[in-house]
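Colleague: My structure file coords-v6.pdb, PDB, C-alpha atoms, is below:
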MODEL        1
ATOM      1  CA  MET A   1       5.771  43.334  10.720  1.00  0.00           C
ATOM      2  CA  THR A   2       6.701  40.308   8.666  1.00  0.00           C
ATOM      3  CA  ARG A   3       4.136  38.825   6.317  1.00  0.00           C
ATOM      4  CA  HIS A   4       4.569  35.180   5.415  1.00  0.00           C
ATOM      5  CA  ARG A   5       2.963  33.275   2.627  1.00  0.00           C
ATOM      6  CA  LYS A   6       1.536  29.835   3.086  1.00  0.00           C
ATOM      7  CA  PRO A   7       3.620  26.911   1.798  1.00  0.00           C
ATOM      8  CA  GLY A   8       2.700  25.997  -1.726  1.00  0.00           C
ATOM      9  CA  LEU A   9       1.668  29.508  -2.815  1.00  0.00           C
ATOM     10  CA  LYS A  10       4.055  30.481  -5.590  1.00  0.00           C
ATOM     11  CA  ALA A  11       4.137  33.109  -8.255  1.00  0.00           C
ATOM     12  CA  HIS A  12       3.801  31.780 -11.774  1.00  0.00           C
ATOM     13  CA  ARG A  13       7.337  30.986 -12.905  1.00  0.00           C
ATOM     14  CA  SER A  14       7.045  30.711 -16.661  1.00  0.00           C
ATOM     15  CA  GLU A  15       6.823  34.446 -17.431  1.00  0.00           C
ATOM     16  CA  THR A  16      10.443  35.369 -16.801  1.00  0.00           C
ATOM     17  CA  PRO A  17      11.492  38.596 -18.524  1.00  0.00           C
ATOM     18  CA  PRO A  18      14.871  38.784 -20.280  1.00  0.00           C
ATOM     19  CA  LEU A  19      17.957  38.957 -18.060  1.00  0.00           C
ATOM     20  CA  GLY A  20      19.031  42.445 -19.182  1.00  0.00           C
ATOM     21  CA  MET A  21      15.823  44.013 -17.850  1.00  0.00           C
ATOM     22  CA  PHE A  22      16.933  43.248 -14.309  1.00  0.00           C
ATOM     23  CA  SER A  23      20.591  44.198 -14.374  1.00  0.00           C
ATOM     24  CA  PRO A  24      21.721  46.908 -11.930  1.00  0.00           C
ATOM     25  CA  SER A  25      22.329  49.409 -14.737  1.00  0.00           C
ATOM     26  CA  GLU A  26      18.944  48.782 -16.378  1.00  0.00           C
ATOM     27  CA  ILE A  27      17.047  49.286 -13.134  1.00  0.00           C
ATOM     28  CA  ALA A  28      19.003  52.453 -12.357  1.00  0.00           C
ATOM     29  CA  SER A  29      18.374  53.943 -15.819  1.00  0.00           C
ATOM     30  CA  ASP A  30      14.671  53.033 -16.189  1.00  0.00           C
ATOM     31  CA  PRO A  31      12.387  54.444 -13.470  1.00  0.00           C
ATOM     32  CA  SER A  32       9.216  52.921 -14.968  1.00  0.00           C
ATOM     33  CA  TRP A  33       9.104  50.578 -11.937  1.00  0.00           C
ATOM     34  CA  VAL A  34       8.406  53.477  -9.539  1.00  0.00           C
ATOM     35  CA  PRO A  35       4.822  53.169  -8.225  1.00  0.00           C
ATOM     36  CA  ASP A  36       2.271  55.320 -10.050  1.00  0.00           C
ATOM     37  CA  MET A  37       1.190  57.401  -7.095  1.00  0.00           C
ATOM     38  CA  ALA A  38      -0.900  59.720  -9.294  1.00  0.00           C
ATOM     39  CA  ALA A  39      -3.226  56.774  -9.929  1.00  0.00           C
ATOM     40  CA  LEU A  40      -3.750  56.677  -6.156  1.00  0.00           C
ATOM     41  CA  GLY A  41      -4.366  60.416  -5.943  1.00  0.00           C
ATOM     42  CA  GLU A  42      -0.953  61.060  -4.387  1.00  0.00           C
ATOM     43  CA  PRO A  43       1.980  63.190  -5.591  1.00  0.00           C
ATOM     44  CA  ALA A  44       4.359  61.519  -8.040  1.00  0.00           C
ATOM     45  CA  MET A  45       7.561  60.004  -6.668  1.00  0.00           C
ATOM     46  CA  THR A  46      11.069  59.725  -8.003  1.00  0.00           C
ATOM     47  CA  ALA A  47      13.023  56.485  -7.716  1.00  0.00           C
ATOM     48  CA  GLU A  48      15.087  57.994  -4.907  1.00  0.00           C
ATOM     49  CA  SER A  49      12.087  59.270  -2.941  1.00  0.00           C
ATOM     50  CA  TYR A  50      10.321  55.910  -3.306  1.00  0.00           C
ATOM     51  CA  ILE A  51      13.354  53.945  -2.104  1.00  0.00           C
ATOM     52  CA  ALA A  52      13.876  56.325   0.831  1.00  0.00           C
ATOM     53  CA  ALA A  53      10.197  56.025   1.813  1.00  0.00           C
ATOM     54  CA  TYR A  54      10.280  52.219   1.618  1.00  0.00           C
ATOM     55  CA  LEU A  55      13.447  51.958   3.691  1.00  0.00           C
ATOM     56  CA  ALA A  56      12.071  54.404   6.272  1.00  0.00           C
ATOM     57  CA  ASP A  57       8.703  52.647   6.712  1.00  0.00           C
ATOM     58  CA  VAL A  58       8.378  49.206   5.166  1.00  0.00           C
ATOM     59  CA  ASP A  59       5.000  48.691   6.874  1.00  0.00           C
ATOM     60  CA  ALA A  60       3.547  51.597   4.891  1.00  0.00           C
ATOM     61  CA  TRP A  61       5.054  50.459   1.577  1.00  0.00           C
ATOM     62  CA  TRP A  62       4.987  46.628   1.679  1.00  0.00           C
ATOM     63  CA  TRP A  63       2.172  46.578  -0.887  1.00  0.00           C
ATOM     64  CA  SER A  64       4.445  48.038  -3.556  1.00  0.00           C
ATOM     65  CA  THR A  65       6.519  44.854  -3.780  1.00  0.00           C
ATOM     66  CA  ASN A  66       3.709  42.401  -3.088  1.00  0.00           C
ATOM     67  CA  LEU A  67       2.851  40.109  -5.984  1.00  0.00           C
ATOM     68  CA  HIS A  68      -0.853  40.253  -5.124  1.00  0.00           C
ATOM     69  CA  HIS A  69      -0.879  43.984  -5.845  1.00  0.00           C
ATOM     70  CA  GLU A  70       1.750  44.494  -8.536  1.00  0.00           C
ATOM     71  CA  PRO A  71       2.965  42.735 -11.693  1.00  0.00           C
ATOM     72  CA  ARG A  72       5.957  40.458 -11.110  1.00  0.00           C
ATOM     73  CA  ASP A  73       8.428  42.485 -13.184  1.00  0.00           C
ATOM     74  CA  PHE A  74       7.616  45.762 -11.390  1.00  0.00           C
ATOM     75  CA  ALA A  75       7.762  44.085  -7.981  1.00  0.00           C
ATOM     76  CA  LEU A  76      11.124  42.521  -8.773  1.00  0.00           C
ATOM     77  CA  LYS A  77      12.619  45.744 -10.170  1.00  0.00           C
ATOM     78  CA  ARG A  78      11.414  47.642  -7.105  1.00  0.00           C
ATOM     79  CA  THR A  79      12.801  44.976  -4.802  1.00  0.00           C
ATOM     80  CA  LEU A  80      16.195  45.016  -6.480  1.00  0.00           C
ATOM     81  CA  ALA A  81      16.320  48.836  -6.542  1.00  0.00           C
ATOM     82  CA  ILE A  82      15.603  48.957  -2.808  1.00  0.00           C
ATOM     83  CA  ILE A  83      18.197  46.285  -2.024  1.00  0.00           C
ATOM     84  CA  ALA A  84      20.775  48.154  -4.131  1.00  0.00           C
ATOM     85  CA  ARG A  85      20.384  51.247  -1.896  1.00  0.00           C
ATOM     86  CA  ALA A  86      19.887  49.488   1.448  1.00  0.00           C
ATOM     87  CA  LYS A  87      22.671  49.264   3.999  1.00  0.00           C
ATOM     88  CA  MET A  88      23.214  46.744   6.748  1.00  0.00           C
ATOM     89  CA  PRO A  89      22.411  46.925   9.620  1.00  0.00           C
ATOM     90  CA  ASP A  90      20.354  50.136   9.190  1.00  0.00           C
ATOM     91  CA  HIS A  91      17.788  48.567   6.868  1.00  0.00           C
ATOM     92  CA  GLU A  92      17.662  45.041   8.261  1.00  0.00           C
ATOM     93  CA  GLN A  93      13.863  45.075   8.701  1.00  0.00           C
ATOM     94  CA  ALA A  94      13.202  46.230   5.135  1.00  0.00           C
ATOM     95  CA  LEU A  95      15.648  43.685   3.725  1.00  0.00           C
ATOM     96  CA  GLY A  96      14.078  40.881   5.741  1.00  0.00           C
ATOM     97  CA  GLN A  97      10.640  41.880   4.477  1.00  0.00           C
ATOM     98  CA  LEU A  98      11.877  41.840   0.891  1.00  0.00           C
ATOM     99  CA  GLY A  99      13.252  38.358   1.513  1.00  0.00           C
ATOM    100  CA  VAL A 100      10.036  36.869   2.873  1.00  0.00           C
ATOM    101  CA  ASP A 101       7.892  38.669   0.293  1.00  0.00           C
ATOM    102  CA  PRO A 102       8.484  39.061  -2.661  1.00  0.00           C
ATOM    103  CA  LEU A 103      11.808  37.183  -3.094  1.00  0.00           C
ATOM    104  CA  GLU A 104      10.454  34.117  -1.303  1.00  0.00           C
ATOM    105  CA  ASN A 105       7.369  34.080  -3.498  1.00  0.00           C
ATOM    106  CA  MET A 106       9.451  34.432  -6.677  1.00  0.00           C
ATOM    107  CA  MET A 107      12.162  31.951  -5.658  1.00  0.00           C
ATOM    108  CA  SER A 108      12.999  29.805  -8.650  1.00  0.00           C
ATOM    109  CA  ASP A 109      15.850  28.895 -10.948  1.00  0.00           C
ATOM    110  CA  GLU A 110      14.691  31.749 -13.172  1.00  0.00           C
ATOM    111  CA  LEU A 111      15.068  34.260 -10.330  1.00  0.00           C
ATOM    112  CA  LEU A 112      18.547  32.983  -9.525  1.00  0.00           C
ATOM    113  CA  ASP A 113      19.432  33.270 -13.220  1.00  0.00           C
ATOM    114  CA  LEU A 114      18.350  36.940 -13.121  1.00  0.00           C
ATOM    115  CA  LEU A 115      20.331  37.537  -9.933  1.00  0.00           C
ATOM    116  CA  ARG A 116      23.605  36.420 -11.551  1.00  0.00           C
ATOM    117  CA  ALA A 117      23.887  39.999 -12.870  1.00  0.00           C
ATOM    118  CA  TRP A 118      24.080  41.149  -9.223  1.00  0.00           C
ATOM    119  CA  MET A 119      27.035  38.895  -8.262  1.00  0.00           C
ATOM    120  CA  PRO A 120      28.877  39.205  -6.036  1.00  0.00           C
ATOM    121  CA  PHE A 121      25.970  40.014  -3.759  1.00  0.00           C
ATOM    122  CA  THR A 122      26.260  42.889  -1.322  1.00  0.00           C
ATOM    123  CA  PRO A 123      25.690  42.300   2.404  1.00  0.00           C
ATOM    124  CA  ALA A 124      22.203  43.769   1.889  1.00  0.00           C
ATOM    125  CA  MET A 125      21.382  41.282  -0.901  1.00  0.00           C
ATOM    126  CA  CYS A 126      22.767  38.401   1.160  1.00  0.00           C
ATOM    127  CA  HIS A 127      20.573  39.420   4.098  1.00  0.00           C
ATOM    128  CA  ALA A 128      17.443  39.680   1.934  1.00  0.00           C
ATOM    129  CA  LEU A 129      18.109  36.325   0.277  1.00  0.00           C
ATOM    130  CA  GLY A 130      19.012  34.813   3.641  1.00  0.00           C
ATOM    131  CA  SER A 131      15.508  35.706   4.861  1.00  0.00           C
ATOM    132  CA  VAL A 132      13.885  33.520   2.213  1.00  0.00           C
ATOM    133  CA  ARG A 133      12.465  30.357   3.756  1.00  0.00           C
ATOM    134  CA  MET A 134      13.966  27.698   1.531  1.00  0.00           C
ATOM    135  CA  GLU A 135      12.655  24.569   3.275  1.00  0.00           C
ATOM    136  CA  PHE A 136       9.778  24.393   0.788  1.00  0.00           C
ATOM    137  CA  GLU A 137      12.079  24.537  -2.239  1.00  0.00           C
ATOM    138  CA  PRO A 138      13.749  21.614  -4.019  1.00  0.00           C
ATOM    139  CA  PRO A 139      17.182  20.679  -2.599  1.00  0.00           C
ATOM    140  CA  GLU A 140      18.872  21.680  -5.872  1.00  0.00           C
ATOM    141  CA  LEU A 141      17.470  25.203  -5.611  1.00  0.00           C
ATOM    142  CA  GLN A 142      18.422  25.421  -1.933  1.00  0.00           C
ATOM    143  CA  HIS A 143      21.985  24.398  -2.778  1.00  0.00           C
ATOM    144  CA  ARG A 144      22.210  26.818  -5.693  1.00  0.00           C
ATOM    145  CA  LEU A 145      21.142  29.810  -3.578  1.00  0.00           C
ATOM    146  CA  SER A 146      23.484  28.809  -0.755  1.00  0.00           C
ATOM    147  CA  ALA A 147      26.370  28.512  -3.206  1.00  0.00           C
ATOM    148  CA  MET A 148      25.643  31.962  -4.696  1.00  0.00           C
ATOM    149  CA  ILE A 149      25.578  33.562  -1.242  1.00  0.00           C
ATOM    150  CA  ALA A 150      28.743  31.733  -0.158  1.00  0.00           C
ATOM    151  CA  GLU A 151      30.553  32.755  -3.356  1.00  0.00           C
ATOM    152  CA  SER A 152      29.510  36.384  -2.809  1.00  0.00           C
ATOM    153  CA  ARG A 153      30.777  36.344   0.739  1.00  0.00           C
ATOM    154  CA  ARG A 154      34.039  34.744  -0.327  1.00  0.00           C
ATOM    155  CA  ARG A 155      34.634  37.190  -3.198  1.00  0.00           C
ATOM    156  CA  ALA A 156      33.643  40.274  -1.217  1.00  0.00           C
ATOM    157  CA  GLY A 157      35.302  39.166   2.011  1.00  0.00           C
ATOM    158  CA  PHE A 158      32.381  39.892   4.310  1.00  0.00           C
ATOM    159  CA  ASN A 159      30.396  38.012   6.933  1.00  0.00           C
ATOM    160  CA  ASP A 160      26.861  38.518   8.283  1.00  0.00           C
TER     161      ASP A 160
ENDMDL
END
Kindly transcribe the structure held in the file into structure tokens.
Modeller:
Amino acid sequence: MTRHRKPGLKAHRSETPPLGMFSPSEIASDPSWVPDMAALGEPAMTAESYIAAYLADVDAWWWSTNLHHEPRDFALKRTLAIIARAKMPDHEQALGQLGVDPLENMMSDELLDLLRAWMPFTPAMCHALGSVRMEFEPPELQHRLSAMIAESRRRAGFND
């Protein structure tokens, strides 16, 4: 099930954490972004078990990357960790969901600055970013995202 936000609803863009906090190596080495299941009365999860659960049933786990339920930095780290492990076409639904929420809600120049550390994008990242509805964004931002995806495809030699 895909959840869309209404046009004009955006996450606050001025609280962008430093670039290094969102690099692939930083996310892999710092599991603080894993949901605190003990707070919900559930058994604790590892990063791997969380990612596997999300990819297996996005409808059960969508809340864990939703900006209405989680702080922006945790939601983004979780989103990027999931995308890093996802494979096309097996996880197409999960990647599409991550594109329409939270990546769509966080879309900004600041987000694209953070995503430079992930270049060239994998097919999974390209699919997630390709699911973002960009018609509500400024043309400059639309062009910048398109150029990043095109450069990734060119450098990696893949097509959707």
Colleague: Name the residues that the PyMOL selection byres ((chain A and resi 122) around 9) picks from the file above, as a list in words, using the file's chain letters and numbers.
Modeller: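 Selected by the PyMOL selection byres ((chain A and resi 122) around 9) here: Ile83, Ala84, Trp118, Met119, Pro120, Phe121, Pro123, Ala124, Met125, Cys126, His127, Ser152, Arg153, Ala156 and Phe158 of chain A.
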Colleague: Evaluate the PyMOL selection byres ((chain A and resi 94) around 12) and record the selected residues as a ChimeraX atom specification, following the chain and residue labels used in the document.
Modeller: /A:1-3,51-62,65,79,82-83,85-93,95-102,124-125,127-128,131
Colleague: Could you tell me, as a PyMOL selection string, exactly which residues end up selected when the PyMOL selection byres ((chain A and resi 34) around 10) is applied to this structure?
Modeller: chain A and resi 30-33+35-37+44-51+64+74-75+77-78+81
Colleague: What is the distance, in Å and to one decimal place, between atom CA of Glu70 of chain A and atom CA of Phe136 of chain A?
Modeller: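 Between atom CA of Glu70 of chain A and atom CA of Phe136 of chain A the gap works out to 23.6 Å.
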Colleague: Given all atoms listed in the file as the basis, pick out the residue of A:Leu112, A:Ala117, A:Glu42, A:Arg154 nearest to Glu140 of chain A.
Modeller: A:Leu112
Colleague: What is the atom CA of Glu26 of chain A to atom CA of Gly41 of chain A distance in Å?
Modeller: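 Computed distance, atom CA of Glu26 of chain A to atom CA of Gly41 of chain A, equals 28.1 Å.
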Colleague: Would you kindly return, as a list in words, each protein, DNA or RNA residue with an atom no farther than 9 Å from any atom of Met107 of chain A, considering all atoms listed in the file and excluding same-chain residues fewer than 2 positions away?
Modeller: Lys10, Ala11, Arg13, Pro102, Leu103, Glu104, Asn105, Asp109, Glu110, Leu111, Leu112, Val132, Met134, Glu137 and Leu141 of chain A
Colleague: Between atom CA of Ala150 of chain A and atom CA of Ala28 of chain A, what is the spacing in Å?
Modeller: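 Atom CA of Ala150 of chain A lies at a distance of 25.9 Å from atom CA of Ala28 of chain A.
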